[in-house]
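Undergrad: Okay, here's the structure, questions in a sec.
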Amino acid sequence: MQEQTLANPELAQVEIEEMSRSDVLMKGALAAGAVYGLSMVGPFLRQAFAQSGSGDIDILNFALTLEYLEAAFYDEAKSRVSANSDVMSTIDLLAKDEAEHVEALEATIKQLGGTPVMAPKVKFPYSGTDAFLQLAITFEDTGVSAYNGAAPMIKSKELLATAGGIVQVEARHAGAVRLLAGESPSPQAFDPTLSEDEVLAAVQPFIQS
């Protein structure tokens with residue numbers, strides 16, 4: 001696996017400590033994106049949730065782990081990144097959005113009688129504005145793929161509508177960050193796919209318990 005060229009090597013370098021079950025799924029999703037590209041995050045999650053028989057609370061806790069990751073990333077970037085006003089104002093906006101996503105998911109999980117997972121400790125591998133923007137693109141694309149992958153497993157129509165509202169914002173985030181990086185906000189009309197078995201076999205070396 002180490003000799004294979006990774007589609008998104010920065011994802012394989014993201015460190016997640018104190019891993020719960022949702023953190024393991026997140027690490028597996030990041031690994032899927034690292035190996036085959038972000039189009040494979042959705043199929044990985046559909047397979048993982050289908051095999052585990054997870055209920056809505058488990059799925060929401062997975063989404064919460066993703067939002068913890070993104071919220072920490074942008075909150076840290078406010079002091080770690082030194083860039084022009086457009087980049088910094090976008091960081092502030094995205095940090096606010098992700099913090100609100102965290103609050104909404106925590107509240108929903110509690111309303112359903114569940115316990116929100118703890119925020120994992122994370123470490124982000126980048127240096128400089130360009131590297132930050134590339135990792136931001138990767139995280140936002142991962143978020144879109146993750147929500148799309150988990151959505152078919154959600155039983156509640158109300159929660160599905162909520163997830164749909166969040167994933168639309170994540171997609172807008174991805175487009176905005178791409179524009180800041182001088183890239184097309186929508187590089188292709190459709191994402192290519194590989195089989196779930198291929199992805200699951202590839203991500204196993206990255207998953208820690």
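Ordering of the structure tokens sets the chain letters (A, B, ...), residue numbers begin anew at 1 in every chain, and ligands are numbered from 1 in the order given.
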Which residues in chain A does DSSP call alpha helix (DSSP H)? List them as an MDAnalysis selection string.

TA: chainID A and resid 9:12 21:36 41:52 56:80 85:111 129:150 157:180 196:203

Undergrad: List the neighbours of A:Asp86 out to 12 Å using only C-alpha atoms; skip same-chain residues closer than 2 positions along the sequence, and give me the result as a PyMOL selection string.

TA: chain A and resi 82-84+88-93+176-177+179-181

Undergrad: Would you write out those residues with N, CA and C atoms, as a JSON list (two decimals), in the first residue's frame?

TA:
[["chain", "number", "residue", "atom", "x", "y", "z"],
["A", 82, "SER", "N", -1.93, 33.00, 6.98],
["A", 82, "SER", "CA", -1.72, 34.43, 6.72],
["A", 82, "SER", "C", -1.93, 34.66, 5.23],
["A", 83, "ALA", "N", -3.07, 35.28, 4.88],
["A", 83, "ALA", "CA", -3.42, 35.41, 3.47],
["A", 83, "ALA", "C", -4.18, 36.70, 3.25],
["A", 84, "ASN", "N", -4.65, 36.92, 2.00],
["A", 84, "ASN", "CA", -5.36, 38.15, 1.68],
["A", 84, "ASN", "C", -6.74, 38.16, 2.33],
["A", 88, "MET", "N", -9.11, 35.19, 4.17],
["A", 88, "MET", "CA", -9.34, 35.24, 5.61],
["A", 88, "MET", "C", -10.83, 35.41, 5.94],
["A", 89, "SER", "N", -11.55, 36.19, 5.14],
["A", 89, "SER", "CA", -12.98, 36.35, 5.39],
["A", 89, "SER", "C", -13.73, 35.05, 5.10],
["A", 90, "THR", "N", -13.26, 34.31, 4.10],
["A", 90, "THR", "CA", -13.88, 33.02, 3.81],
["A", 90, "THR", "C", -13.61, 32.03, 4.93],
["A", 91, "ILE", "N", -12.41, 32.05, 5.48],
["A", 91, "ILE", "CA", -12.09, 31.18, 6.63],
["A", 91, "ILE", "C", -13.03, 31.49, 7.79],
["A", 92, "ASP", "N", -13.24, 32.78, 8.07],
["A", 92, "ASP", "CA", -14.13, 33.17, 9.16],
["A", 92, "ASP", "C", -15.55, 32.66, 8.91],
["A", 93, "LEU", "N", -16.03, 32.80, 7.68],
["A", 93, "LEU", "CA", -17.38, 32.36, 7.34],
["A", 93, "LEU", "C", -17.52, 30.85, 7.48],
["A", 176, "ALA", "N", -16.56, 27.65, -3.24],
["A", 176, "ALA", "CA", -15.94, 28.91, -2.85],
["A", 176, "ALA", "C", -14.44, 28.76, -2.65],
["A", 177, "VAL", "N", -14.03, 27.67, -1.99],
["A", 177, "VAL", "CA", -12.60, 27.47, -1.75],
["A", 177, "VAL", "C", -11.88, 27.20, -3.07],
["A", 179, "LEU", "N", -12.60, 28.43, -5.98],
["A", 179, "LEU", "CA", -12.43, 29.72, -6.65],
["A", 179, "LEU", "C", -11.25, 30.49, -6.05],
["A", 180, "LEU", "N", -11.11, 30.47, -4.73],
["A", 180, "LEU", "CA", -9.98, 31.12, -4.07],
["A", 180, "LEU", "C", -8.66, 30.51, -4.52],
["A", 181, "ALA", "N", -8.67, 29.20, -4.80],
["A", 181, "ALA", "CA", -7.46, 28.51, -5.23],
["A", 181, "ALA", "C", -7.23, 28.62, -6.73]]

Undergrad: Mind giving me the straight-line distance from atom CA of A:Gly128 to atom CA of A:Glu10 in Å, one decimal?

TA: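 Here the two named atoms are 13.9 Å from each other.
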
Undergrad: Counting only C-alpha atoms, which residue out of A:Ala131, A:Leu25, A:Val41, A:Ala63 sits closest to A:Glu103?

TA: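 Going through A:Ala131, A:Leu25, A:Val41, A:Ala63 one by one, the smallest distance to A:Glu103 is for A:Ala63.
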
Undergrad: Measuring between only C-alpha atoms, which one of A:Ala201, A:Leu69, A:Val122, A:Ala12 shows the shortest distance to A:Gly143?

TA: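 Ranking A:Ala201, A:Leu69, A:Val122, A:Ala12 by distance to A:Gly143, first place goes to A:Leu69.
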
Undergrad: Restricting the calculation to only C-alpha atoms: of A:Ala189, A:Ala202, A:Val102, A:Met40, which residue gets closest to A:Ala72?

TA: A:Val102

Undergrad: What's around A:Gly33 at 9 Å? Count only C-alpha atoms, leave out sequence neighbours fewer than 4 positions away in its own chain, and write the answer as a ChimeraX atom specification.

TA: /A:6-9,11-12,28-29,37-41,138,142

Undergrad: Kindly indicate which residue among A:Ile59, A:Ala163, A:Ala136, A:Ala71 lies nearest to A:Val87, using only C-alpha atoms for the distances.

TA: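 For A:Val87, the nearest of the given residues is A:Ala136.
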
Undergrad: Which is closest to A:Leu200 among A:Val24, A:Met19, A:Ala32, A:Ala77, if we use only C-alpha atoms?

TA: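 The shortest atom-to-atom distance to A:Leu200 comes from A:Ala32.
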
Undergrad: Return the single residue from A:Leu105, A:Glu183, A:Tyr147, A:Gln188 that is closest to A:Pro43, with distances computed using only C-alpha atoms.

TA: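 Using only C-alpha atoms, the shortest distance to A:Pro43 belongs to A:Tyr147.
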
Undergrad: What is the distance between atom CA of A:Arg46 and atom CA of A:Asp58, in Å to one decimal?

TA: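 Rounded to one decimal, the two atoms are 13.1 Å apart.
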
Undergrad: Quick one: everything within 12 Å of A:Glu17, counting only C-alpha atoms, minus sequence neighbours fewer than 6 positions away in the same chain. Send it as JSON, numbers by chain.

TA: {"A": [23, 24, 26, 27, 65, 69, 118, 119, 120, 121, 122, 123, 207, 208, 209]}

Undergrad: Save the residues we just selected, C-alpha atoms, as an mmCIF file, in the first residue's frame?

TA:
data_model
loop_
_atom_site.group_PDB
_atom_site.id
_atom_site.type_symbol
_atom_site.label_atom_id
_atom_site.label_comp_id
_atom_site.auth_asym_id
_atom_site.auth_seq_id
_atom_site.Cartn_x
_atom_site.Cartn_y
_atom_site.Cartn_z
ATOM 1 C CA ASP A 23 -13.813 8.314 14.285
ATOM 2 C CA VAL A 24 -12.874 4.921 12.807
ATOM 3 C CA MET A 26 -14.140 8.903 9.458
ATOM 4 C CA LYS A 27 -10.569 7.630 9.228
ATOM 5 C CA THR A 65 -17.271 13.764 13.839
ATOM 6 C CA LEU A 69 -12.930 17.879 12.010
ATOM 7 C CA MET A 118 -16.551 13.660 21.907
ATOM 8 C CA ALA A 119 -14.536 15.793 19.520
ATOM 9 C CA PRO A 120 -11.387 13.872 18.516
ATOM 10 C CA LYS A 121 -7.926 15.369 18.694
ATOM 11 C CA VAL A 122 -6.714 16.143 15.183
ATOM 12 C CA LYS A 123 -3.587 17.282 13.397
ATOM 13 C CA ILE A 207 -7.983 2.083 9.841
ATOM 14 C CA GLN A 208 -6.896 1.932 13.489
ATOM 15 C CA SER A 209 -8.996 0.815 16.419
#

Undergrad: Atom CA of A:Ser145 to atom CA of A:Gln47: how many Å, to one decimal?

TA: 13.4 Å

Undergrad: Just want the 12 Å neighbourhood of A:Ser127, counted on only C-alpha atoms, with same-chain residues fewer than 2 positions away dropped. Output as a list in words.

TA: Glu10, Ala77, Arg80, Val81, Ser82, Phe124, Pro125, Thr129, Asp130, Ala131, Phe132, Leu133, Gln134 and Leu135 of chain A
